[in-house]
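S.K.: Got a structure for you, written out below as structure tokens; questions coming shortly.
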Amino acid sequence: MTQRSMAQLEAKLDYFLDAPADVGTVELVVRRPAVDQREVLAEGELDPAVGLVGDTWIERGSKRTDDGSSHPDMQLNVMNARIISYIAGDPDRRALAGDQLYLDLDITEANLPAGTRLALGTAVIEVTEQPHRGCAKFSDRFGIDALRFVNSPHRRELRLRGLNAKVVTPGVVRPGDTVTKVA
């Protein structure tokens, strides 16, 4: 298992941040049918009520809601594909990060503030304010340096671990689809 050192990760920061700002690509679509299970999809259906159809987001609930139900602003976890590709090393390990959408796109707060809408495939999603942070599972899978790198407090605005989003227009998304900001 590849575990990148902090020095290796820091050396690649400019590459990660050089992702396209306005028009990018969907690199990976992943469904989580059960805890610790991943299905890499050739096609995913996005739905405003359930997020990625077949994913367990709606069943998992959230510590961020008063009643423990799923947080409506955390339907989708989106990560910069360049970062996870490097951290994972082996392409087959990218899905272990636990996100549903991996985009070659600049997902920093400066480029995609909360409320920004993205068209991908035939769907539209909206970036939400809910922060997305790495957890113990991320550390177990990719190493403590990877976790510290993506969760770095002085770089939170870079969203190295990713962002949360919700579906606003249902549709289908596939790897290779173009991702664009909606005006």
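Every chain in the structure tokens has a letter given in the order shown (A, B, ...), and although residue numbers restart at 1 in each chain, ligands are simply numbered from 1 in the order shown.
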Any idea what's packed within 7 Å of range 126-130 of chain A, counting only C-alpha atoms, ignoring anything in its chain fewer than 5 positions away? Could you give it as number ranges by chain?

M.R.: A: 73-74, 114-118, 164-168

S.K.: Name the residues in contact with Leu120 in chain A at a cut-off of 7 Å, using only C-alpha atoms, excluding same-chain residues fewer than 5 positions from it; report them as a PyMOL selection string.

M.R.: chain A and resi 173+177-180

S.K.: Write the residues of the selection above to a file with all heavy atoms, as a tab-separated table (two decimals), in the first residue's frame.

M.R.:
```tsv
chain	number	residue	atom	x	y	z
A	173	VAL	N	-24.63	10.78	-14.87
A	173	VAL	CA	-23.24	11.22	-14.95
A	173	VAL	C	-22.36	10.00	-15.20
A	173	VAL	O	-22.60	8.92	-14.66
A	173	VAL	CB	-22.82	12.00	-13.68
A	173	VAL	CG1	-22.94	11.15	-12.44
A	173	VAL	CG2	-21.43	12.58	-13.83
A	177	ASP	N	-17.45	12.57	-18.67
A	177	ASP	CA	-18.35	13.70	-18.89
A	177	ASP	C	-17.65	15.01	-18.54
A	177	ASP	O	-16.81	15.07	-17.63
A	177	ASP	CB	-19.60	13.58	-18.02
A	177	ASP	CG	-20.63	12.61	-18.56
A	177	ASP	OD1	-20.51	12.17	-19.73
A	177	ASP	OD2	-21.57	12.27	-17.80
A	178	THR	N	-18.04	16.05	-19.21
A	178	THR	CA	-17.54	17.39	-18.93
A	178	THR	C	-18.26	17.96	-17.71
A	178	THR	O	-19.44	17.70	-17.52
A	178	THR	CB	-17.79	18.30	-20.15
A	178	THR	OG1	-17.07	17.77	-21.26
A	178	THR	CG2	-17.33	19.72	-19.90
A	179	VAL	N	-17.52	18.71	-16.90
A	179	VAL	CA	-18.08	19.41	-15.75
A	179	VAL	C	-17.89	20.90	-16.02
A	179	VAL	O	-16.78	21.34	-16.29
A	179	VAL	CB	-17.33	19.07	-14.44
A	179	VAL	CG1	-17.96	19.81	-13.27
A	179	VAL	CG2	-17.30	17.59	-14.20
A	180	THR	N	-18.99	21.67	-15.95
A	180	THR	CA	-18.89	23.10	-16.17
A	180	THR	C	-19.65	23.85	-15.09
A	180	THR	O	-20.66	23.36	-14.56
A	180	THR	CB	-19.46	23.51	-17.54
A	180	THR	OG1	-20.81	23.08	-17.64
A	180	THR	CG2	-18.65	22.92	-18.67
```

S.K.: Determine the nearest neighbour of Arg156 in chain A from the options A:Thr65, A:Thr108, A:Thr169, A:Thr25, counting only C-alpha atoms.

M.R.: A:Thr108

S.K.: Find the residue from A:Asp99, A:Asp36, A:Glu157, A:Asp140 that sits nearest to Leu52 in chain A; use only C-alpha atoms when measuring.

M.R.: A:Asp99

S.K.: Using only C-alpha atoms for the distances, tell me which of A:Asp106, A:Ser152, A:Asn77, A:Cys135 is nearest to Asp14 in chain A.

M.R.: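 Closest residue, counting only C-alpha atoms: A:Asp106.
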